[in-house]
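Colleague: Okay, handing you the structure first.
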Amino acid sequence: MGAVLGRQDTHKRSFHGSKLEAKMVEAMQQRASHGTSMRSFDSIVMKFPKIDESFRKCKTIFEQFDEDSNGEIDKEELKHCFQKLEISFTEEEICDLFEACDINEDMGMKFNEFIVFLCLVYLLNEPAVSEAKIKMGLGSLEGTFETLVDAFVFLDKNKDGYVSKDEMIQAINETTTGERSSGRIAMKRFEEMDWDKNGMVSFKEFLFAFTRWVGIDENEDDDE
């Protein structure tokens with residue numbers, strides 16, 4: 001695990017400040033300006049089972065992309081799929097999305113990484129992405145992705161596109177008023193999200209933590 005986290009640490013630093021992350025932050029700030037329907041961290045937790053069920057429906061899309069059925073999608077498979085669907089992403093955009101989601105830097109996107117990829121595609125609501133959304137069959141998943149965006153906006157109190165420790169503590173305290181353990185709960189959740197240990201959580205880091213919280217493992221078996 002330590003070695004994996006070490007690779008993630010390097011990867012996160014290279015991602016931080018990238019063009020793709022800047023676009024994600026901007027998109028999240030725009031969403032935040034409309035507010036959130038979430039009122040507590042508990043209201044997010046209550047949605048875990050429904051989100052887990054929706055995530056598992058992504059398996060069919062994942063299998064379409066995974067041409068050699070080896071349980072992961074490589075960069076070429078991703079490019080082929082975009083070509084087949086006639087989705088007008090540039091090679092640079094495809095590579096940026098792939099590298100952002102290949103958290104273990106093993107040149108293969110596993111199922112949990114693919115879920116994060118789909119959610120990022122949803123968030124980056126540009127014409128090409130809107131087109132991709134329809135052709136990839138993401139319409140039925142919009143409600144789930146919207147819930148995830150909403151949850152992040154709830155945590156991001158100052159609307160800067162990141163979640164800090166203080167914001168996480170504030171969010172948990174809104175849920176567990178008067179409970180002395182709320183600070184410890186907040187720190188535990190925050191540490192699970194802050195993979196690069198820089199004290200700030202991006203939407204991508206939040207998504208990876210969320211897949212683990214609802215029970216989607218990076219080694220998810222096809223028959224699960």
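Following the order of the structure tokens, chains are lettered A, B, ..., residues in each are numbered from 1, and ligands are numbered from 1.
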For Phe117 of chain A, find every residue with an atom within 7 Å (counting only C-alpha atoms), except residues of its own chain fewer than 4 positions away, and show them as a compact mmCIF listing (two decimals) with N, CA, C and O atoms, in the first residue's frame.
Modeller:
# COMPACT_ATOMS: atom_id res chain seq x y z
N LEU A 97 -7.30 13.26 -19.67
CA LEU A 97 -8.33 12.57 -18.88
C LEU A 97 -7.84 11.21 -18.42
O LEU A 97 -8.04 10.82 -17.27
N CYS A 101 -7.01 10.00 -14.42
CA CYS A 101 -7.78 8.92 -13.78
C CYS A 101 -6.98 7.65 -13.54
O CYS A 101 -7.42 6.79 -12.78
N GLU A 113 -11.37 3.63 -11.35
CA GLU A 113 -10.79 4.78 -12.04
C GLU A 113 -11.70 5.24 -13.18
O GLU A 113 -11.82 6.43 -13.46
N VAL A 121 -15.95 13.53 -17.05
CA VAL A 121 -16.55 13.81 -18.35
C VAL A 121 -17.87 14.56 -18.15
O VAL A 121 -18.17 15.52 -18.86
Colleague: Near Phe65 of chain A, within 10 Å and counting only C-alpha atoms, which residues show up once chain neighbours fewer than 5 positions away are dropped, as a list in words?
Modeller: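 Listed by chain and then number, they are Lys59, Thr60, Glu72, Ile73, Asp74, Glu76, Glu77, Leu78, Lys79, His80, Cys81, Phe82 and Phe114 of chain A.
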Colleague: Output N, CA and C atoms for every residue in that selection, as a PDB file, in the first residue's frame.
Modeller:
ATOM      1  N   LYS A  59     -20.693  -0.668 -15.327  1.00  0.00           N
ATOM      2  CA  LYS A  59     -19.874  -1.818 -15.718  1.00  0.00           C
ATOM      3  C   LYS A  59     -20.029  -2.140 -17.209  1.00  0.00           C
ATOM      4  N   THR A  60     -21.259  -2.001 -17.725  1.00  0.00           N
ATOM      5  CA  THR A  60     -21.511  -2.289 -19.138  1.00  0.00           C
ATOM      6  C   THR A  60     -20.711  -1.353 -20.033  1.00  0.00           C
ATOM      7  N   GLU A  72      -9.048  -3.807 -17.524  1.00  0.00           N
ATOM      8  CA  GLU A  72      -8.651  -2.402 -17.473  1.00  0.00           C
ATOM      9  C   GLU A  72      -8.597  -1.803 -18.879  1.00  0.00           C
ATOM     10  N   ILE A  73      -8.725  -0.490 -18.935  1.00  0.00           N
ATOM     11  CA  ILE A  73      -8.754   0.215 -20.218  1.00  0.00           C
ATOM     12  C   ILE A  73      -7.436   0.943 -20.384  1.00  0.00           C
ATOM     13  N   ASP A  74      -6.750   0.668 -21.492  1.00  0.00           N
ATOM     14  CA  ASP A  74      -5.510   1.408 -21.737  1.00  0.00           C
ATOM     15  C   ASP A  74      -5.814   2.617 -22.622  1.00  0.00           C
ATOM     16  N   GLU A  76      -4.957   3.430 -25.637  1.00  0.00           N
ATOM     17  CA  GLU A  76      -5.363   3.147 -27.023  1.00  0.00           C
ATOM     18  C   GLU A  76      -6.828   2.729 -27.085  1.00  0.00           C
ATOM     19  N   GLU A  77      -7.268   1.921 -26.122  1.00  0.00           N
ATOM     20  CA  GLU A  77      -8.670   1.490 -26.081  1.00  0.00           C
ATOM     21  C   GLU A  77      -9.597   2.690 -25.890  1.00  0.00           C
ATOM     22  N   LEU A  78      -9.153   3.624 -25.063  1.00  0.00           N
ATOM     23  CA  LEU A  78      -9.949   4.825 -24.827  1.00  0.00           C
ATOM     24  C   LEU A  78     -10.054   5.644 -26.116  1.00  0.00           C
ATOM     25  N   LYS A  79      -8.935   5.774 -26.817  1.00  0.00           N
ATOM     26  CA  LYS A  79      -8.933   6.516 -28.089  1.00  0.00           C
ATOM     27  C   LYS A  79      -9.851   5.849 -29.104  1.00  0.00           C
ATOM     28  N   HIS A  80      -9.767   4.497 -29.220  1.00  0.00           N
ATOM     29  CA  HIS A  80     -10.609   3.753 -30.168  1.00  0.00           C
ATOM     30  C   HIS A  80     -12.081   4.006 -29.908  1.00  0.00           C
ATOM     31  N   CYS A  81     -12.440   3.978 -28.622  1.00  0.00           N
ATOM     32  CA  CYS A  81     -13.837   4.142 -28.256  1.00  0.00           C
ATOM     33  C   CYS A  81     -14.330   5.536 -28.648  1.00  0.00           C
ATOM     34  N   PHE A  82     -13.518   6.552 -28.390  1.00  0.00           N
ATOM     35  CA  PHE A  82     -13.909   7.912 -28.733  1.00  0.00           C
ATOM     36  C   PHE A  82     -14.048   8.062 -30.253  1.00  0.00           C
ATOM     37  N   PHE A 114     -12.356   4.268 -13.816  1.00  0.00           N
ATOM     38  CA  PHE A 114     -13.266   4.564 -14.921  1.00  0.00           C
ATOM     39  C   PHE A 114     -14.482   5.343 -14.430  1.00  0.00           C
TER      40      PHE A 114
END
Colleague: Using only C-alpha atoms, which of the listed residues (A:Phe208, A:Glu86, A:Gly71, A:Val201) sits closest to Asp166 of chain A?
Modeller: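 Closest candidate: A:Val201.
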Colleague: Taking 2 positions as the minimum chain separation for residues in the same chain, which residues sit within 10 Å of Cys119 of chain A when counting only C-alpha atoms? Answer as a list in words.
Modeller: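 The contact residues come out as Phe114, Ile115, Val116, Phe117, Val121, Tyr122, Leu123, Leu124, Leu138, Leu141, Glu142, Thr144, Phe145, Glu146, Leu148, Val149, Phe203, Lys204 and Leu207 of chain A.
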Colleague: Contacts of segment 39-44 of chain A at 12 Å or less, counting only C-alpha atoms, minus same-chain residues fewer than 2 places along, as a VMD selection string?
Modeller: chain A and resid 35 to 37 46 to 51 144 147 to 155 167 to 177 182 185 to 186 189 210 213 to 214
Colleague: As JSON, numbers by chain, please: every residue in segment 7-217 of chain A that a backbone DSSP assignment puts in helix (DSSP H, G or I).
Modeller: {"A": [7, 8, 9, 10, 11, 12, 13, 14, 15, 19, 20, 21, 22, 23, 24, 25, 26, 27, 28, 29, 30, 31, 32, 41, 42, 43, 44, 45, 48, 49, 50, 51, 52, 53, 54, 55, 56, 57, 59, 60, 61, 62, 63, 64, 65, 75, 76, 77, 78, 79, 80, 81, 82, 83, 84, 91, 92, 93, 94, 95, 96, 97, 98, 99, 100, 101, 111, 112, 113, 114, 115, 116, 117, 118, 119, 120, 121, 122, 123, 127, 128, 129, 130, 131, 132, 133, 134, 135, 139, 140, 141, 142, 143, 144, 145, 146, 147, 148, 149, 150, 151, 152, 153, 154, 155, 165, 166, 167, 168, 169, 170, 171, 172, 173, 174, 175, 182, 183, 184, 185, 186, 187, 188, 189, 190, 191, 192, 193, 203, 204, 205, 206, 207, 208, 209, 210, 211, 212, 213]}
Colleague: What's the 9 Å shell around Ser88 of chain A, counting only C-alpha atoms, without same-chain residues fewer than 2 positions away, as JSON, numbers by chain?
Modeller: {"A": [82, 83, 85, 86, 90, 128, 129, 131, 132]}
Colleague: Go ahead and write the residues just picked, C-alpha atoms, as a short mmCIF file (atom, residue, chain, number, x, y, z; two decimals), in the first residue's frame.
Modeller:
data_model
loop_
_atom_site.label_atom_id
_atom_site.label_comp_id
_atom_site.auth_asym_id
_atom_site.auth_seq_id
_atom_site.Cartn_x
_atom_site.Cartn_y
_atom_site.Cartn_z
CA PHE A 82 -13.91 7.91 -28.73
CA GLN A 83 -13.24 7.42 -32.47
CA LEU A 85 -18.49 7.03 -31.03
CA GLU A 86 -17.32 9.94 -33.22
CA THR A 90 -8.41 15.98 -29.18
CA ALA A 128 -17.76 17.81 -26.97
CA VAL A 129 -18.49 16.41 -23.52
CA GLU A 131 -22.03 14.96 -27.13
CA ALA A 132 -20.00 12.23 -25.38
#
Colleague: Using Å and a single decimal, report how far atom CA of Glu53 of chain A sits from atom CA of Ser33 of chain A.
Modeller: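 Calculated distance between atom CA of Ser33 of chain A and atom CA of Glu53 of chain A is 29.1 Å.
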Colleague: Quote the spacing between atom CA of Asp66 of chain A and atom CA of Met107 of chain A in Å to one decimal place.
Modeller: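 Rounded to one decimal, the two atoms are 13.1 Å apart.
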Colleague: So which bits of chain A end up strand (DSSP E) when you DSSP the backbone, as a ChimeraX atom specification?
Modeller: /A:163-164,200-201
Colleague: Work out how far apart atom CA of Leu20 of chain A and atom CA of Glu99 of chain A are and give it in Å to one decimal.
Modeller: 10.2 Å
Colleague: Using only C-alpha atoms for the distances, tell me which of A:Lys159, A:Lys188, A:Lys84, A:Lys75 is nearest to Met28 of chain A.
Modeller: A:Lys159
Colleague: Measuring atom to atom with only C-alpha atoms, identify which of A:Met38, A:Cys58, A:Ala100, A:Val25 is nearest to Ile216 of chain A.
Modeller: A:Cys58
